[in-house]
Each structure stands twice: as structure tokens, then as C-alpha cells.
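start-v3.txt, holding compact mmCIF, C-alpha atoms and all ligand atoms:
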```txt
# COMPACT_ATOMS: atom_id res chain seq x y z
CA MET C 1 -19.52 -7.08 -15.77
CA SER C 2 -15.90 -8.23 -15.77
CA ALA C 3 -12.58 -6.80 -16.94
CA ASP C 4 -11.01 -8.56 -19.93
CA LEU C 5 -7.79 -9.95 -18.54
CA GLY C 6 -7.23 -12.39 -21.35
CA SER C 7 -7.28 -16.16 -20.97
CA GLY C 8 -3.81 -16.72 -19.52
CA ALA C 9 -3.57 -18.30 -16.09
CA VAL C 10 -2.79 -16.17 -13.06
CA ASP C 11 -0.52 -17.34 -10.23
CA ALA C 12 -0.24 -14.14 -8.19
CA VAL C 13 -2.33 -11.09 -7.38
CA VAL C 14 -0.56 -8.03 -6.01
CA LEU C 15 -2.74 -5.58 -4.11
CA ASP C 16 -2.52 -1.85 -3.63
CA ILE C 17 -4.32 -0.80 -0.42
CA GLU C 18 -5.50 2.82 -0.42
CA GLY C 19 -8.19 3.34 -3.05
CA THR C 20 -8.12 -0.35 -4.06
CA THR C 21 -8.85 -2.62 -1.09
CA SER C 22 -9.83 0.19 1.26
CA ALA C 23 -11.17 3.73 1.30
CA THR C 24 -8.76 6.64 1.02
CA GLY C 25 -11.01 8.63 3.35
CA PHE C 26 -10.10 6.40 6.30
CA VAL C 27 -6.39 6.87 5.65
CA VAL C 28 -6.59 10.64 5.21
CA ASP C 29 -9.24 11.47 7.82
CA VAL C 30 -8.39 8.94 10.54
CA MET C 31 -4.89 7.53 10.07
CA TYR C 32 -3.06 10.71 9.09
CA PRO C 33 -4.32 12.76 12.07
CA TYR C 34 -3.63 9.78 14.36
CA ALA C 35 0.01 9.76 13.26
CA ARG C 36 0.41 13.53 13.20
CA GLU C 37 -0.68 13.82 16.85
CA ARG C 38 1.89 11.23 17.93
CA PHE C 39 4.96 12.31 15.96
CA GLY C 40 6.06 14.83 18.64
CA PRO C 41 6.46 12.24 21.42
CA LEU C 42 7.84 9.65 18.99
CA LEU C 43 10.61 11.98 17.78
CA GLY C 44 11.26 13.51 21.18
CA GLU C 45 11.32 10.39 23.34
CA ARG C 46 12.14 7.45 21.08
CA SER C 47 14.87 8.74 18.77
CA HIS C 48 17.16 5.89 19.93
CA GLU C 49 14.89 3.24 18.38
CA ALA C 50 16.35 1.89 15.14
CA VAL C 51 13.35 2.60 12.89
CA VAL C 52 13.00 6.13 14.24
CA ALA C 53 16.71 6.91 13.98
CA ARG C 54 16.88 5.62 10.42
CA ALA C 55 13.81 7.56 9.32
CA VAL C 56 15.08 10.77 10.94
CA ALA C 57 18.41 10.34 9.13
CA GLN C 58 16.54 9.88 5.84
CA VAL C 59 14.43 13.01 6.42
CA ARG C 60 17.57 15.04 7.24
CA GLU C 61 19.22 13.78 4.08
CA GLU C 62 16.16 14.48 1.93
CA ILE C 63 15.82 18.07 3.14
CA GLY C 64 19.59 18.66 3.15
CA GLU C 65 19.63 19.63 6.84
CA PRO C 66 21.97 17.24 8.70
CA ASP C 67 21.38 18.99 12.02
CA ALA C 68 17.59 19.27 11.87
CA ASP C 69 16.20 18.78 15.39
CA ALA C 70 13.03 16.94 16.42
CA VAL C 71 10.88 20.05 16.14
CA ARG C 72 12.08 20.72 12.60
CA ILE C 73 11.62 17.07 11.58
CA GLU C 74 8.08 17.08 12.96
CA LYS C 75 7.32 20.21 10.93
CA VAL C 76 8.64 18.61 7.73
CA LEU C 77 6.61 15.44 8.36
CA GLY C 78 3.50 17.55 8.88
CA ALA C 79 4.06 19.32 5.56
CA TRP C 80 4.55 15.98 3.82
CA ILE C 81 1.30 14.69 5.30
CA ASP C 82 -0.47 17.83 4.06
CA GLU C 83 0.69 17.14 0.51
CA ASP C 84 0.13 13.36 0.91
CA ARG C 85 3.72 12.72 -0.02
CA LYS C 86 4.52 9.02 -0.14
CA ALA C 87 8.00 9.55 1.31
CA THR C 88 9.63 6.41 2.69
CA PRO C 89 10.72 7.89 6.09
CA LEU C 90 7.28 9.42 6.64
CA LYS C 91 5.69 6.05 5.90
CA ALA C 92 8.14 4.27 8.21
CA LEU C 93 7.27 6.57 11.13
CA GLN C 94 3.55 6.38 10.40
CA GLY C 95 3.97 2.60 10.39
CA VAL C 96 5.42 2.63 13.92
CA VAL C 97 2.58 4.73 15.30
CA TRP C 98 -0.17 2.96 13.37
CA ALA C 99 1.03 -0.55 14.26
CA GLU C 100 0.83 0.43 17.92
CA GLY C 101 -2.59 2.04 17.38
CA PHE C 102 -3.93 -1.11 15.74
CA ALA C 103 -2.50 -3.33 18.48
CA ARG C 104 -4.05 -1.08 21.13
CA GLY C 105 -7.47 -1.25 19.45
CA ASP C 106 -7.58 2.45 18.56
CA LEU C 107 -7.64 1.61 14.84
CA VAL C 108 -9.50 -1.07 12.87
CA ALA C 109 -8.80 -1.39 9.16
CA PRO C 110 -11.77 -1.15 6.79
CA PHE C 111 -12.01 -3.07 3.52
CA PHE C 112 -14.56 -2.47 0.79
CA ASP C 113 -17.34 -5.07 1.05
CA ASP C 114 -16.37 -6.86 -2.17
CA VAL C 115 -12.70 -7.32 -1.25
CA VAL C 116 -12.37 -9.91 1.52
CA PRO C 117 -14.70 -12.54 -0.04
CA ARG C 118 -12.67 -12.29 -3.27
CA LEU C 119 -9.35 -12.52 -1.46
CA ARG C 120 -10.59 -15.67 0.25
CA SER C 121 -11.82 -17.23 -3.00
CA TRP C 122 -8.62 -16.41 -4.90
CA TYR C 123 -6.56 -17.82 -2.04
CA ALA C 124 -8.69 -20.98 -2.00
CA ALA C 125 -8.15 -21.32 -5.75
CA GLY C 126 -4.39 -21.40 -5.20
CA ILE C 127 -3.61 -17.85 -6.29
CA ARG C 128 -0.90 -16.29 -4.15
CA LEU C 129 -1.71 -12.86 -2.75
CA TYR C 130 0.81 -10.09 -2.12
CA VAL C 131 0.56 -6.51 -0.93
CA TYR C 132 2.47 -3.62 -2.51
CA SER C 133 1.62 -0.29 -0.92
CA SER C 134 3.31 3.02 -0.18
CA GLY C 135 2.34 2.30 3.42
CA SER C 136 5.23 0.55 5.20
CA VAL C 137 5.33 -3.22 5.61
CA ALA C 138 4.74 -2.74 9.36
CA ALA C 139 1.61 -0.72 8.56
CA GLN C 140 0.42 -3.28 6.00
CA ARG C 141 0.79 -6.18 8.41
CA ALA C 142 -1.06 -4.28 11.12
CA TRP C 143 -3.77 -3.35 8.62
CA PHE C 144 -4.37 -6.97 7.62
CA THR C 145 -4.06 -8.23 11.22
CA HIS C 146 -6.56 -5.79 12.70
CA SER C 147 -9.13 -5.68 9.93
CA ALA C 148 -12.85 -5.18 10.40
CA HIS C 149 -13.17 -8.72 8.96
CA GLY C 150 -10.80 -10.32 11.46
CA PRO C 151 -7.17 -11.31 10.87
CA LEU C 152 -6.29 -11.67 7.18
CA THR C 153 -2.51 -12.02 7.24
CA ASP C 154 -2.66 -15.77 6.54
CA LEU C 155 -3.99 -14.96 3.08
CA VAL C 156 -0.92 -12.92 2.19
CA SER C 157 2.34 -14.49 0.98
CA GLY C 158 4.50 -11.35 1.00
CA TRP C 159 4.60 -7.63 1.74
CA TYR C 160 6.25 -4.91 -0.36
CA ASP C 161 6.67 -1.18 0.17
CA THR C 162 8.81 1.68 -1.12
CA GLU C 163 11.66 0.54 1.12
CA ASN C 164 12.02 -3.10 0.08
CA ALA C 165 10.75 -2.77 -3.51
CA GLY C 166 11.05 0.91 -4.48
CA PRO C 167 8.72 3.71 -5.68
CA LYS C 168 5.37 2.56 -7.02
CA GLN C 169 5.64 4.46 -10.30
CA ASP C 170 9.01 2.89 -11.19
CA PRO C 171 8.92 -0.28 -13.33
CA GLY C 172 12.09 -1.42 -11.56
CA SER C 173 10.09 -1.88 -8.36
CA TYR C 174 7.78 -4.38 -10.06
CA ARG C 175 10.79 -6.21 -11.51
CA ALA C 176 12.21 -6.42 -7.99
CA ILE C 177 8.98 -7.93 -6.70
CA THR C 178 8.93 -10.43 -9.58
CA ALA C 179 12.46 -11.52 -8.64
CA ALA C 180 11.42 -11.86 -4.99
CA ILE C 181 8.21 -13.83 -5.48
CA GLY C 182 9.40 -16.03 -8.35
CA VAL C 183 6.17 -15.71 -10.34
CA PRO C 184 6.53 -14.88 -14.06
CA PRO C 185 5.41 -11.28 -14.78
CA GLY C 186 2.80 -12.47 -17.30
CA ARG C 187 1.14 -14.58 -14.58
CA THR C 188 1.09 -11.73 -12.06
CA VAL C 189 -1.84 -9.30 -11.83
CA PHE C 190 -1.60 -5.91 -10.15
CA LEU C 191 -4.72 -4.16 -8.84
CA SER C 192 -4.41 -0.42 -8.27
CA ASP C 193 -6.34 2.84 -8.42
CA ARG C 194 -3.46 4.88 -9.85
CA LEU C 195 -2.61 5.09 -13.53
CA GLY C 196 1.09 5.79 -12.92
CA GLU C 197 1.40 2.59 -10.89
CA LEU C 198 -0.52 0.54 -13.45
CA ASN C 199 1.71 1.87 -16.24
CA ALA C 200 4.86 0.99 -14.30
CA ALA C 201 3.59 -2.53 -13.60
CA ARG C 202 2.68 -3.06 -17.24
CA GLU C 203 6.10 -1.86 -18.35
CA ALA C 204 7.56 -4.58 -16.13
CA GLY C 205 5.43 -7.14 -18.00
CA TRP C 206 2.71 -7.57 -15.36
CA ARG C 207 -0.97 -7.78 -16.14
CA THR C 208 -2.95 -4.91 -14.68
CA VAL C 209 -6.43 -4.03 -13.49
CA GLY C 210 -7.41 -0.46 -12.77
CA VAL C 211 -9.77 -0.26 -9.81
CA ARG C 212 -12.06 2.75 -10.18
CA ARG C 213 -14.37 3.21 -7.23
CA ALA C 214 -16.83 6.07 -7.14
CA GLY C 215 -15.84 8.65 -4.54
CA GLU C 216 -12.15 7.75 -4.54
CA PRO C 217 -9.69 10.57 -5.36
CA TYR C 218 -8.33 9.13 -8.63
CA PHE C 219 -11.73 8.08 -9.99
CA ALA C 220 -11.87 11.08 -12.34
CA ASP C 221 -8.38 10.43 -13.75
CA GLY C 222 -9.42 7.06 -15.15
CA VAL C 223 -7.04 4.16 -15.71
CA GLY C 224 -6.00 4.79 -19.31
CA GLY C 225 -6.02 1.66 -21.45
CA HIS C 226 -5.87 -0.78 -18.52
CA PRO C 227 -8.72 -3.23 -17.94
CA GLU C 228 -11.04 -1.48 -15.50
CA VAL C 229 -13.31 -2.63 -12.68
CA GLY C 230 -15.48 -0.89 -10.12
CA SER C 231 -15.30 -3.78 -7.66
CA PHE C 232 -13.25 -6.96 -7.07
CA ASP C 233 -16.35 -8.95 -8.09
CA GLU C 234 -15.63 -7.91 -11.68
CA VAL C 235 -12.10 -9.33 -11.68
CA GLY C 236 -12.28 -12.69 -13.45
CA LEU C 237 -9.09 -14.70 -12.95
CA VAL C 238 -8.15 -17.95 -14.70
CA THR C 239 -6.12 -20.43 -12.68
CA SER C 240 -4.10 -23.32 -14.14
C1 LIG C 301 -1.54 0.27 5.44
S1 LIG C 301 -0.89 1.52 4.53
C2 LIG C 301 -1.84 2.94 4.95
C3 LIG C 301 -2.08 3.77 3.82
C4 LIG C 301 -0.91 4.58 3.37
O1 LIG C 301 -0.24 5.21 4.17
C5 LIG C 301 -0.58 4.64 1.98
O2 LIG C 301 0.29 5.42 1.60
C6 LIG C 301 -1.28 3.76 1.02
O3 LIG C 301 -0.84 3.94 -0.27
P1 LIG C 301 -1.20 2.88 -1.43
O4 LIG C 301 0.10 2.68 -2.14
O5 LIG C 301 -1.72 1.64 -0.78
O6 LIG C 301 -2.21 3.54 -2.30
MG MG C 302 -3.65 3.27 -4.04
```
Starting from the file, give its structure as C-alpha cells.
Amino acid sequence: MSADLGSGAVDAVVLDIEGTTSATGFVVDVMYPYARERFGPLLGERSHEAVVARAVAQVREEIGEPDADAVRIEKVLGAWIDEDRKATPLKALQGVVWAEGFARGDLVAPFFDDVVPRLRSWYAAGIRLYVYSSGSVAAQRAWFTHSAHGPLTDLVSGWYDTENAGPKQDPGSYRAITAAIGVPPGRTVFLSDRLGELNAAREAGWRTVGVRRAGEPYFADGVGGHPEVGSFDEVGLVTS
């Protein structure tokens, strides 16, 4: 089986992570608790670090509490984790903790079995690969560095998150990535498990593939009118 992507050549593939390259269960059941347990010390002892200070300022601004202390910030972050909010400061702080956890060997990033062989074959065929995830760029790099399949960062030409591109359900974010990577939108394919993201990418002129994997949270929602696959093996790409 393969998704009908049309016959036009593809120069770039942009990858969502959670639900697309890798299982949501690992993120929610392993990564979120890992970060939650470490936010107290991070906020209490490392507030002078630039990434931490910036994220704390963003949380204060978002909740309208300029004087919120570390205990209050930790509580807000915990509530955002509970609702799986893809808030940029939460993702930045998770990225700090996760990058250290990966480097220490506490965490190893899983990929679905079909993903890495396809990434390698697309890369070998000259297709440029990019990541666009709600997870921070620091988290993405760590994820691809410390993967269960060995280091994969050499396959990736660029990293985009809600900080350097914008929210994933906003077409403007995809236009920003197009401007950054210099690949025409019609030769760029986005793979994601979420309909809102696929719609935004299509509105920006990108080609789209909805990845629907059994057991993933958005499986039941479907991917609307987007070409649909259950595995990367079904993604047929034409190169020029
Ligand atoms: C390496 S990012 C970890 C996963 C994460 O925090 C996340 O929000 C992933 O969201 P995605 O946009 O990849 O579905
Ligand atoms: Mg996703």
C-alpha cells in the first residue's frame, strides 16, 4: 500500500516526532515524569541560566503573575504537563532536563521500526530531512543523537520548534520554515499524526501525509482528506 502523493518531485521531508517517528507512550509515560521530577531543582538552583530565566519569564507572562516564585512556576508546569500543553517555555525547560538525561544515558529515544531505514533511504536519494516538533530544538537534537538506532543527527539538515518557527497549527509557521530551508512548498512533504498540523501545512502550500498508527492517541481522529499511511514504508516519494 502507498499514499498517493502525486508525481511531483520531492526535495524535502519535514518530520513530526511524537506519534509520527516515535511512540507517544514513551513521551508521556517516560519523558514527562522524568522532567516533572527534575523541575524543582532546575527552577530552584539554576534560575540564573539563560534558558531557564527566559522560560520562567515566559511562564510568568503567560499566567499574568510577574512575581510568581519557583514553587508557583513548578505547579503551573505540572498542570501544563497534565493537560499535555505544548507551551514553548514548558518545552524549553523539558528540553534542558531531557538533553541532560539523554547525555547521561538515562534516556534512549525509540523510533518505530519502519522509520530509520526510510530516513536513511530518503537521505541517500538526496532528499533533505528536517524536524518540526513541539519538543524544543535541544530536545530534538538529543532525541536524534541518543536514539535506539545510534546517532541520527547527520541525516537531519535543520531543526524547527515552536520557538524558531511558531505554533504547529499555524500556517505561518510552515511559511517560516519554507523561507528558512529554501525549498519550494510544493516540493516539501510534511509527515504528522495531527490533522490540525496537516491542515496548516497544506494551507502553506506543502504536500502532506497523515501518519495513522494503531494505538496512537490521534488514530481515531483520522487525517481528513490528507494522503494517509500506517507506516513510513507506505510513503512513496519521487525524486528529481
Ligand atoms: C523530542 S521532543 C519530545 C516530545 C515532545 O515533547 C513533544 O511535544 C512532541 O510533539 P510533536 O510535535 O513531535 O508531536
Ligand atoms: Mg505529533
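Take atom CA of Ala103 of chain C and atom C6 of ligand LIG 301 (chain C): the distance between them is 18.9 Å.
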Residues within 9 Å of ligand LIG 301 (chain C), counting only C-alpha atoms and all ligand atoms, as an MDAnalysis selection string = chainID C and resid 15:22 24 26:28 31:32 84:87 90:91 94:95 98 109 131:144 161:162 168 192:194 197
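Of the listed residues (C:Trp122, C:Trp159, C:Phe39, C:Phe190), C:Phe190 comes nearest to ligand MG 302 (chain C); the distances count only C-alpha atoms and all ligand atoms.
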Which residues come within 10 Å of Gly44 of chain C, counting all atoms listed in the file, excluding same-chain residues fewer than 3 positions away, as a ChimeraX atom specification?
-> /C:39-41,47-48,69-71,74
Restricting it to C-alpha atoms, dump the selection as a PDB file, keeping the file's coordinate frame.
```
ATOM      1  CA  PHE C  39       4.960  12.310  15.960  1.00  0.00           C
ATOM      2  CA  GLY C  40       6.060  14.830  18.640  1.00  0.00           C
ATOM      3  CA  PRO C  41       6.460  12.240  21.420  1.00  0.00           C
ATOM      4  CA  SER C  47      14.870   8.740  18.770  1.00  0.00           C
ATOM      5  CA  HIS C  48      17.160   5.890  19.930  1.00  0.00           C
ATOM      6  CA  ASP C  69      16.200  18.780  15.390  1.00  0.00           C
ATOM      7  CA  ALA C  70      13.030  16.940  16.420  1.00  0.00           C
ATOM      8  CA  VAL C  71      10.880  20.050  16.140  1.00  0.00           C
ATOM      9  CA  GLU C  74       8.080  17.080  12.960  1.00  0.00           C
TER      10      GLU C  74
END
```
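Between atom CA of Glu203 of chain C and atom CA of Gly186 of chain C lies a distance of 11.2 Å.
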What is the distance, in Å and to one decimal place, between atom CA of Ala204 of chain C and atom CA of Val229 of chain C?
->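 Distance reported for this atom pair: 21.2 Å.
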Between C:Ala57, C:Leu119, C:Val238, C:Leu195, which has the minimum distance to ligand MG 302 (chain C) (counting all atoms listed in the file)?
->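 When distances to ligand MG 302 (chain C) are compared using all atoms listed in the file, the smallest one comes from C:Leu195.
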Closest of C:Ala165, C:Ala124, C:Val13, C:Leu93 to Val59 of chain C - atom-to-atom distances counting all atoms listed in the file |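 Checking each candidate against Val59 of chain C, we get C:Leu93 as the closest.
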